[in-house]
Amino acid sequence: MSDDRDLQLRTPDRPLPKPDDVTSTYWDGCARGELLIQHCPKCGHRQFYPRAMCTVCASTPEWERASGRGTVHTFTVIRQNHAKPFRDLLPYVVAMIELDEGPRMMGNLVGCPVEDVAVGMPVEVFFDAADDDLSLPFWRPAS
Amino acid sequence: MSPRTDPSRTPVIAGIGLSDYPKAPHLDSVGHNVLAMQRALEDSGVEKSAIDGYVSAGGGSGMNVDAGVQLAEYLGIDHRWLDSTMTGGSSFEFHVQHAAAAIRDGLAETILVTYGSDQLTRMGRMLGTGGFARTGDRIGGANQFEAPYGNSLVGAYAMAARRHMHEYGTTSEQLAAIAVGVREFAGLNPDAMYRDPITVDDVVGSKLVADPLHKLDCCVISDGGGAIVLTTEERARDLRQPPVYVLGAAGAQTHWNISQMPDFTQTAGARIRDVVFGRAGVTPADIDTIQFYDSFTITVLLLLEDLGFCAKGEGGAFAESGALRRGGSLPLNTDGGGLSSNHPGMRGIFLLIESVRQLRGQGGEAQVPDAKLALAAGSGGWLSCIGAVILGKDRP
């Protein structure tokens, strides 16, 4: 996206996931610009992070595409981190995003001053590529 | 008589030992375990050959996953009962739960628990703010969904603090009151890392590390180690110290990785509260002193609420009331805690050791007058695994 440099995402420089047999479906979705979560065909439970079984009833879960919209459940502004590349991105927001579908996931909220972030703030997902095969989801204030 | 109902098998803590802290460049992690063991044996009068049970969570910097059995070999423990439960900083409260049950059940007579870490000497102070993933790392497991976003250990606790502030109006000043009271006790401990008094303004005026937590909301990073010896009441009669009774112990887990915390304002303490107090047959109002895991000020506040010392949401007002300070109704962390004295990485064993010192009346200037009941509560991981132990001066 055009505003990547403005947002200082530095995605290729970040620690990156090592997808496994279960999580590769999620990361393949991210590479296509789709945010995937799991739901259980037996008990209806929705979950994130992806697992080989439903954490409630132990059945095999199925994938579904999430809306990519949610709210800030809680957050912090990281002002000290000595590790590359984060030390060059300070200060930045790490937030727990509660998806409209229910599950929560961790991410960085960008695209607004860190002082403007608040619990309950509506946000939406976007993706930034680390390489041809891997993209990370990020969050920005909902349009 | 079944061992489980035999009063002579009532589990007690008979010995305690600390290695050197807060900075001990002459010791590596194994060396901390050794010195703490030697001092616990000396304290108790237990012969090393009498130890037939051993517990280590490992966890010292430089140690591998097999640290428990490596240490058992190094220390030369011929055990017939072993535990290597590793729940982070609360491991030792889980250990006491397990060891007390084993002693009561006749599976072991004398159990040694040791811990040691040269974290400050070996790793420096970066752990809380960037000791994790960096450029070039490829991360598997559950952490693949956190590592790309640069959260820190402090940031994990900060997210719990932020949510508590949002739901209950808790303030930074209320959290700061916890650090101020613990520092007051550190001033009485000549070995504590930081001893000069601080004020609420000092805490909230210190640098923000991860909003809303400031530098002085965070524990220190140190070297250190500890050991305890558990045995039966009957055996303790012939030993050097008055026994301290294990009245109740419990532990539980809500999550491991912070992004999986089901409720950012409540720990597993809420789940074990009734078990630990029920076993001990006492209530929070009966407790004379608490030794709580103070990795961060928010850790103490959540444990206060979850273990029933005040209602959910009232931890801030409770901390501000002065109850936790020297001379208050519920003195907290009389050794100066992790916030001001020492924190080698997994602090739970020091909570037990200081509880025992208080119940023996060996607290020195920090002695809580007439202390009969102490609660040690550990938090491991990222508010993930909570273990609590109620210890008593008097026979149950």
# chains A, B, ... in the order shown; residues from 1 in each chain; ligands from 1
$ residues_around --residues "segment 116-123 of chain A" --least-positions-apart "6" --cutoff "6 Å" --atoms "only C-alpha atoms" --output "list in words"
Arg69, Gly70, Thr71, Val72, His73, Thr74, Arg140, Pro141 and Ala142 of chain A
$ write_last_selection --atoms "N, CA and C atoms" --output "PDB file, in the first residue's frame"
ATOM      1  N   ARG A  69     -13.060  -6.287  10.824  1.00  0.00           N
ATOM      2  CA  ARG A  69     -13.409  -5.122  11.644  1.00  0.00           C
ATOM      3  C   ARG A  69     -13.502  -5.546  13.107  1.00  0.00           C
ATOM      4  N   GLY A  70     -13.151  -4.613  13.979  1.00  0.00           N
ATOM      5  CA  GLY A  70     -13.208  -4.917  15.402  1.00  0.00           C
ATOM      6  C   GLY A  70     -13.017  -3.656  16.226  1.00  0.00           C
ATOM      7  N   THR A  71     -12.782  -3.853  17.510  1.00  0.00           N
ATOM      8  CA  THR A  71     -12.533  -2.722  18.406  1.00  0.00           C
ATOM      9  C   THR A  71     -11.309  -3.015  19.266  1.00  0.00           C
ATOM     10  N   VAL A  72     -10.733  -1.945  19.790  1.00  0.00           N
ATOM     11  CA  VAL A  72      -9.581  -2.088  20.691  1.00  0.00           C
ATOM     12  C   VAL A  72     -10.098  -2.555  22.050  1.00  0.00           C
ATOM     13  N   HIS A  73      -9.700  -3.786  22.455  1.00  0.00           N
ATOM     14  CA  HIS A  73     -10.114  -4.293  23.773  1.00  0.00           C
ATOM     15  C   HIS A  73      -9.201  -3.737  24.860  1.00  0.00           C
ATOM     16  N   THR A  74      -7.903  -3.742  24.593  1.00  0.00           N
ATOM     17  CA  THR A  74      -6.930  -3.074  25.462  1.00  0.00           C
ATOM     18  C   THR A  74      -5.684  -2.846  24.630  1.00  0.00           C
ATOM     19  N   ARG A 140      -5.833  -0.224  11.587  1.00  0.00           N
ATOM     20  CA  ARG A 140      -5.903   1.241  11.540  1.00  0.00           C
ATOM     21  C   ARG A 140      -7.308   1.668  11.951  1.00  0.00           C
ATOM     22  N   PRO A 141      -7.467   2.937  12.317  1.00  0.00           N
ATOM     23  CA  PRO A 141      -8.807   3.392  12.707  1.00  0.00           C
ATOM     24  C   PRO A 141      -9.802   3.111  11.581  1.00  0.00           C
ATOM     25  N   ALA A 142     -11.003   2.652  11.947  1.00  0.00           N
ATOM     26  CA  ALA A 142     -12.003   2.292  10.948  1.00  0.00           C
ATOM     27  C   ALA A 142     -12.397   3.525  10.148  1.00  0.00           C
TER      28      ALA A 142
END
$ interface_residues --of "chain B" --to "chain A" --cutoff "9 Å" --atoms "only C-alpha atoms" --output "CSV table (one decimal) with C-alpha atoms, in the first residue's frame"
chain,number,residue,atom,x,y,z
B,126,MET,CA,17.1,-5.9,28.7
B,128,GLY,CA,11.6,-6.7,30.0
B,129,THR,CA,12.0,-4.5,27.0
B,130,GLY,CA,13.2,-6.5,24.0
B,131,GLY,CA,14.7,-9.7,25.1
B,132,PHE,CA,12.4,-11.6,22.7
B,133,ALA,CA,12.2,-11.7,18.9
B,134,ARG,CA,14.0,-9.6,16.5
B,135,THR,CA,14.9,-9.2,12.8
B,136,GLY,CA,15.7,-12.5,11.1
B,137,ASP,CA,13.8,-14.6,13.6
B,138,ARG,CA,11.2,-17.1,12.4
B,139,ILE,CA,8.8,-17.9,15.2
B,140,GLY,CA,6.6,-21.0,15.5
B,141,GLY,CA,3.9,-22.0,17.9
B,142,ALA,CA,1.4,-19.7,19.5
B,143,ASN,CA,4.0,-16.9,19.6
B,144,GLN,CA,3.9,-16.6,15.8
B,145,PHE,CA,0.8,-14.5,16.3
B,146,GLU,CA,2.5,-12.1,18.8
B,147,ALA,CA,6.2,-11.9,17.9
B,148,PRO,CA,5.8,-9.9,14.7
B,149,TYR,CA,4.2,-7.0,16.6
B,150,GLY,CA,7.0,-6.1,19.0
B,151,ASN,CA,5.2,-6.5,22.3
B,152,SER,CA,7.5,-6.6,25.4
B,154,VAL,CA,6.2,-5.0,30.3
B,155,GLY,CA,3.7,-4.4,27.5
B,156,ALA,CA,1.8,-7.6,28.3
B,158,ALA,CA,0.5,-3.0,30.7
B,159,MET,CA,-2.4,-4.3,28.6
B,160,ALA,CA,-3.9,-5.8,31.8
B,161,ALA,CA,-3.4,-2.5,33.6
B,162,ARG,CA,-5.0,-0.5,30.8
B,163,ARG,CA,-8.1,-2.7,30.8
B,166,HIS,CA,-10.9,1.3,31.6
B,208,LEU,CA,6.9,5.4,30.8
B,209,VAL,CA,8.1,2.0,29.6
B,210,ALA,CA,4.8,0.6,28.2
B,211,ASP,CA,1.8,2.8,28.9
B,212,PRO,CA,0.4,2.9,31.5
B,213,LEU,CA,3.3,1.3,33.3
B,259,SER,CA,-3.1,-12.6,23.9
B,260,GLN,CA,-5.0,-15.6,25.2
B,264,PHE,CA,-7.6,-9.0,31.2
$ residues_around --residues "Gln38 of chain A" --least-positions-apart "5" --cutoff "8 Å" --atoms "only C-alpha atoms" --output "PDB file with N, CA and C atoms, in the first residue's frame"
ATOM      1  N   ARG A  46     -16.090 -19.911  18.191  1.00  0.00           N
ATOM      2  CA  ARG A  46     -15.107 -19.289  17.285  1.00  0.00           C
ATOM      3  C   ARG A  46     -13.820 -19.079  18.050  1.00  0.00           C
ATOM      4  N   GLN A  47     -12.679 -19.282  17.381  1.00  0.00           N
ATOM      5  CA  GLN A  47     -11.411 -19.154  18.096  1.00  0.00           C
ATOM      6  C   GLN A  47     -10.299 -18.577  17.240  1.00  0.00           C
ATOM      7  N   PHE A  48      -9.349 -17.969  17.947  1.00  0.00           N
ATOM      8  CA  PHE A  48      -8.083 -17.528  17.415  1.00  0.00           C
ATOM      9  C   PHE A  48      -7.120 -17.573  18.598  1.00  0.00           C
ATOM     10  N   PRO A  50      -5.315 -20.148  15.516  1.00  0.00           N
ATOM     11  CA  PRO A  50      -5.767 -21.397  14.908  1.00  0.00           C
ATOM     12  C   PRO A  50      -5.146 -22.628  15.576  1.00  0.00           C
ATOM     13  N   PRO A  61     -12.081 -27.947  13.906  1.00  0.00           N
ATOM     14  CA  PRO A  61     -12.714 -26.687  13.491  1.00  0.00           C
ATOM     15  C   PRO A  61     -12.648 -26.466  11.983  1.00  0.00           C
ATOM     16  N   GLU A  62     -13.472 -25.531  11.506  1.00  0.00           N
ATOM     17  CA  GLU A  62     -13.454 -25.115  10.104  1.00  0.00           C
ATOM     18  C   GLU A  62     -13.038 -23.657  10.037  1.00  0.00           C
ATOM     19  N   TRP A  63     -12.637 -23.246   8.849  1.00  0.00           N
ATOM     20  CA  TRP A  63     -12.175 -21.869   8.662  1.00  0.00           C
ATOM     21  C   TRP A  63     -13.318 -20.989   8.191  1.00  0.00           C
ATOM     22  N   GLU A  64     -13.279 -19.734   8.581  1.00  0.00           N
ATOM     23  CA  GLU A  64     -14.191 -18.753   8.000  1.00  0.00           C
ATOM     24  C   GLU A  64     -13.473 -17.425   7.865  1.00  0.00           C
TER      25      GLU A  64
END
$ select_by_dssp --residues "segment 87-290 of chain B" --states "strand (DSSP E)" --output "CSV table (one decimal) with N, CA and C atoms, in the first residue's frame"
chain,number,residue,atom,x,y,z
B,110,THR,N,11.6,-35.9,53.2
B,110,THR,CA,12.2,-34.6,53.2
B,110,THR,C,12.5,-34.1,51.8
B,111,ILE,N,11.9,-33.0,51.4
B,111,ILE,CA,11.9,-32.6,50.0
B,111,ILE,C,12.6,-31.2,50.0
B,112,LEU,N,13.6,-31.2,49.0
B,112,LEU,CA,14.3,-29.9,48.8
B,112,LEU,C,13.8,-29.3,47.5
B,113,VAL,N,13.6,-28.0,47.6
B,113,VAL,CA,13.3,-27.1,46.4
B,113,VAL,C,14.4,-26.1,46.2
B,114,THR,N,15.0,-26.0,45.0
B,114,THR,CA,16.0,-25.0,44.8
B,114,THR,C,15.7,-24.2,43.5
B,115,TYR,N,16.3,-23.1,43.5
B,115,TYR,CA,16.2,-22.2,42.4
B,115,TYR,C,17.4,-21.2,42.4
B,116,GLY,N,17.9,-20.9,41.2
B,116,GLY,CA,18.9,-19.9,41.1
B,116,GLY,C,19.1,-19.3,39.7
B,117,SER,N,19.4,-18.1,39.6
B,117,SER,CA,19.6,-17.5,38.3
B,117,SER,C,20.6,-16.3,38.3
B,138,ARG,N,12.4,-16.5,12.9
B,138,ARG,CA,11.2,-17.1,12.4
B,138,ARG,C,10.6,-17.8,13.6
B,139,ILE,N,9.4,-17.5,14.0
B,139,ILE,CA,8.8,-17.9,15.2
B,139,ILE,C,7.6,-18.9,15.0
B,208,LEU,N,7.8,6.4,31.2
B,208,LEU,CA,6.9,5.4,30.8
B,208,LEU,C,7.6,4.3,30.0
B,209,VAL,N,7.5,3.1,30.3
B,209,VAL,CA,8.1,2.0,29.6
B,209,VAL,C,7.1,1.4,28.6
B,210,ALA,N,5.9,1.1,29.0
B,210,ALA,CA,4.8,0.6,28.2
B,210,ALA,C,3.6,1.2,28.8
B,213,LEU,N,2.3,1.7,32.3
B,213,LEU,CA,3.3,1.3,33.3
B,213,LEU,C,4.6,2.1,33.2
B,214,HIS,N,5.1,2.7,34.3
B,214,HIS,CA,6.3,3.5,34.4
B,214,HIS,C,7.4,2.6,34.8
B,224,GLY,N,20.2,-14.1,41.9
B,224,GLY,CA,19.7,-14.6,43.1
B,224,GLY,C,19.2,-16.0,43.1
B,225,GLY,N,19.0,-16.6,44.2
B,225,GLY,CA,18.6,-18.0,44.3
B,225,GLY,C,18.0,-18.2,45.7
B,226,GLY,N,17.2,-19.3,45.8
B,226,GLY,CA,16.6,-19.6,47.1
B,226,GLY,C,16.4,-21.1,47.2
B,227,ALA,N,16.3,-21.6,48.4
B,227,ALA,CA,16.0,-23.0,48.6
B,227,ALA,C,15.1,-23.2,49.8
B,228,ILE,N,14.2,-24.2,49.8
B,228,ILE,CA,13.4,-24.5,51.0
B,228,ILE,C,13.5,-26.0,51.2
B,229,VAL,N,13.3,-26.4,52.5
B,229,VAL,CA,13.3,-27.8,52.8
B,229,VAL,C,11.9,-28.1,53.5
B,230,LEU,N,11.2,-29.0,53.0
B,230,LEU,CA,9.9,-29.4,53.5
B,230,LEU,C,10.0,-30.8,54.1
B,231,THR,N,9.4,-31.0,55.2
B,231,THR,CA,9.4,-32.4,55.8
B,231,THR,C,8.1,-32.5,56.6
B,232,THR,N,8.0,-33.6,57.4
B,232,THR,CA,6.8,-33.8,58.3
B,232,THR,C,7.0,-33.0,59.6
B,244,VAL,N,7.2,-24.3,60.2
B,244,VAL,CA,6.1,-23.4,59.6
B,244,VAL,C,5.2,-24.3,58.8
B,245,TYR,N,3.9,-24.3,59.2
B,245,TYR,CA,3.0,-25.3,58.7
B,245,TYR,C,2.4,-24.9,57.3
B,246,VAL,N,2.4,-25.8,56.4
B,246,VAL,CA,1.7,-25.6,55.1
B,246,VAL,C,0.2,-25.9,55.3
B,247,LEU,N,-0.6,-24.8,55.4
B,247,LEU,CA,-2.0,-25.0,55.7
B,247,LEU,C,-2.9,-25.2,54.5
B,248,GLY,N,-2.5,-24.6,53.4
B,248,GLY,CA,-3.3,-24.7,52.2
B,248,GLY,C,-2.4,-24.3,51.0
B,249,ALA,N,-2.6,-24.9,49.9
B,249,ALA,CA,-1.9,-24.5,48.7
B,249,ALA,C,-2.7,-24.9,47.4
B,250,ALA,N,-2.7,-24.1,46.4
B,250,ALA,CA,-3.4,-24.3,45.2
B,250,ALA,C,-2.8,-23.6,44.0
B,251,GLY,N,-3.1,-24.1,42.8
B,251,GLY,CA,-2.5,-23.4,41.7
B,251,GLY,C,-3.4,-23.7,40.5
B,252,ALA,N,-3.5,-22.7,39.5
B,252,ALA,CA,-4.3,-22.9,38.3
B,252,ALA,C,-3.8,-21.9,37.2
B,253,GLN,N,-4.2,-22.2,36.0
B,253,GLN,CA,-3.8,-21.5,34.8
B,253,GLN,C,-5.0,-21.0,34.0
B,289,THR,N,0.2,-11.1,57.0
B,289,THR,CA,1.1,-10.5,56.0
B,289,THR,C,1.0,-11.3,54.7
B,290,ILE,N,1.1,-10.5,53.6
B,290,ILE,CA,1.1,-11.1,52.3
B,290,ILE,C,2.4,-10.9,51.5
$ select_by_dssp --residues "segment 35-271 of chain B" --states "alpha helix (DSSP H)" --output "ChimeraX atom specification"
/B:35-44,67-75,91-104,119-123,153-168,172-186,200-205,233-236,269-271
$ write_last_selection --atoms "C-alpha atoms" --output "short mmCIF file (atom, residue, chain, number, x, y, z; two decimals), in the first residue's frame"
data_model
loop_
_atom_site.label_atom_id
_atom_site.label_comp_id
_atom_site.auth_asym_id
_atom_site.auth_seq_id
_atom_site.Cartn_x
_atom_site.Cartn_y
_atom_site.Cartn_z
CA LEU B 35 24.66 -21.90 47.83
CA ALA B 36 20.93 -21.63 48.55
CA MET B 37 20.79 -25.37 49.27
CA GLN B 38 23.81 -25.21 51.59
CA ARG B 39 22.23 -22.36 53.52
CA ALA B 40 18.83 -24.07 53.76
CA LEU B 41 20.47 -27.22 55.11
CA GLU B 42 22.47 -25.17 57.62
CA ASP B 43 19.36 -23.24 58.62
CA SER B 44 17.30 -26.37 59.20
CA ALA B 67 17.52 -28.43 34.19
CA GLY B 68 15.57 -30.23 36.90
CA VAL B 69 17.22 -33.60 36.40
CA GLN B 70 20.56 -32.01 35.56
CA LEU B 71 20.46 -30.21 38.91
CA ALA B 72 19.33 -33.32 40.78
CA GLU B 73 22.42 -35.06 39.40
CA TYR B 74 24.77 -32.14 40.09
CA LEU B 75 23.51 -31.74 43.65
CA SER B 91 6.45 -22.50 40.03
CA PHE B 92 7.43 -22.64 43.70
CA GLU B 93 3.90 -22.20 45.01
CA PHE B 94 2.88 -25.11 42.77
CA HIS B 95 5.89 -27.01 44.13
CA VAL B 96 4.75 -26.56 47.72
CA GLN B 97 1.29 -27.79 46.80
CA HIS B 98 2.78 -30.91 45.22
CA ALA B 99 5.45 -31.47 47.87
CA ALA B 100 3.00 -31.08 50.74
CA ALA B 101 0.71 -33.68 49.18
CA ALA B 102 3.64 -36.04 48.62
CA ILE B 103 4.81 -35.71 52.21
CA ARG B 104 1.32 -36.19 53.56
CA GLN B 119 20.21 -13.23 35.06
CA LEU B 120 21.62 -9.78 35.80
CA THR B 121 25.26 -10.82 35.51
CA ARG B 122 24.71 -12.93 32.42
CA MET B 123 21.97 -11.15 30.48
CA LEU B 153 7.12 -8.36 28.71
CA VAL B 154 6.21 -5.03 30.30
CA GLY B 155 3.71 -4.41 27.50
CA ALA B 156 1.84 -7.60 28.33
CA TYR B 157 1.19 -6.47 31.89
CA ALA B 158 0.49 -2.95 30.66
CA MET B 159 -2.43 -4.26 28.62
CA ALA B 160 -3.95 -5.76 31.77
CA ALA B 161 -3.42 -2.48 33.63
CA ARG B 162 -5.01 -0.49 30.80
CA ARG B 163 -8.10 -2.69 30.76
CA HIS B 164 -8.43 -2.49 34.55
CA MET B 165 -8.25 1.29 34.34
CA HIS B 166 -10.92 1.27 31.64
CA GLU B 167 -13.34 -0.97 33.51
CA TYR B 168 -12.82 0.24 37.08
CA SER B 172 -1.59 5.25 37.96
CA GLU B 173 -1.37 6.88 41.39
CA GLN B 174 -3.15 3.91 42.97
CA LEU B 175 -0.76 1.49 41.29
CA ALA B 176 2.15 3.67 42.40
CA ALA B 177 1.07 3.35 46.06
CA ILE B 178 2.02 -0.34 45.83
CA ALA B 179 5.57 0.47 44.71
CA VAL B 180 5.95 3.14 47.39
CA GLY B 181 5.01 0.75 50.21
CA VAL B 182 7.29 -2.02 48.99
CA ARG B 183 10.19 0.44 48.70
CA GLU B 184 9.65 1.39 52.34
CA PHE B 185 10.32 -2.24 53.33
CA ALA B 186 13.33 -2.39 50.97
CA VAL B 200 3.78 8.38 44.33
CA ASP B 201 4.99 11.38 42.32
CA ASP B 202 8.34 9.66 41.79
CA VAL B 203 6.59 6.61 40.36
CA VAL B 204 4.19 8.40 38.04
CA GLY B 205 6.97 10.80 37.08
CA GLU B 233 5.93 -32.12 61.53
CA GLU B 234 7.31 -35.16 63.35
CA ARG B 235 10.76 -34.91 61.75
CA ALA B 236 10.84 -31.16 62.21
CA GLY B 269 -6.30 -16.42 41.51
CA ALA B 270 -10.08 -16.14 41.43
CA ARG B 271 -10.30 -19.85 40.68
#
$ closest_residue --among "A:Glu34, A:Asp21, A:Asp28, A:Asp133" --to "Ala52 of chain A" --atoms "only C-alpha atoms"
A:Asp21
$ atom_distance --atom1 "atom CA of Asn342 of chain B" --atom2 "atom CA of Cys219 of chain B"
7.9 Å
$ atom_distance --atom1 "atom CA of Glu354 of chain B" --atom2 "atom CA of Asn333 of chain B"
7.9 Å
$ residues_around --residues "Pro396 of chain B" --least-positions-apart "2" --cutoff "10 Å" --atoms "only C-alpha atoms" --output "ChimeraX atom specification"
/B:7,10,245-247,280-281,392-394
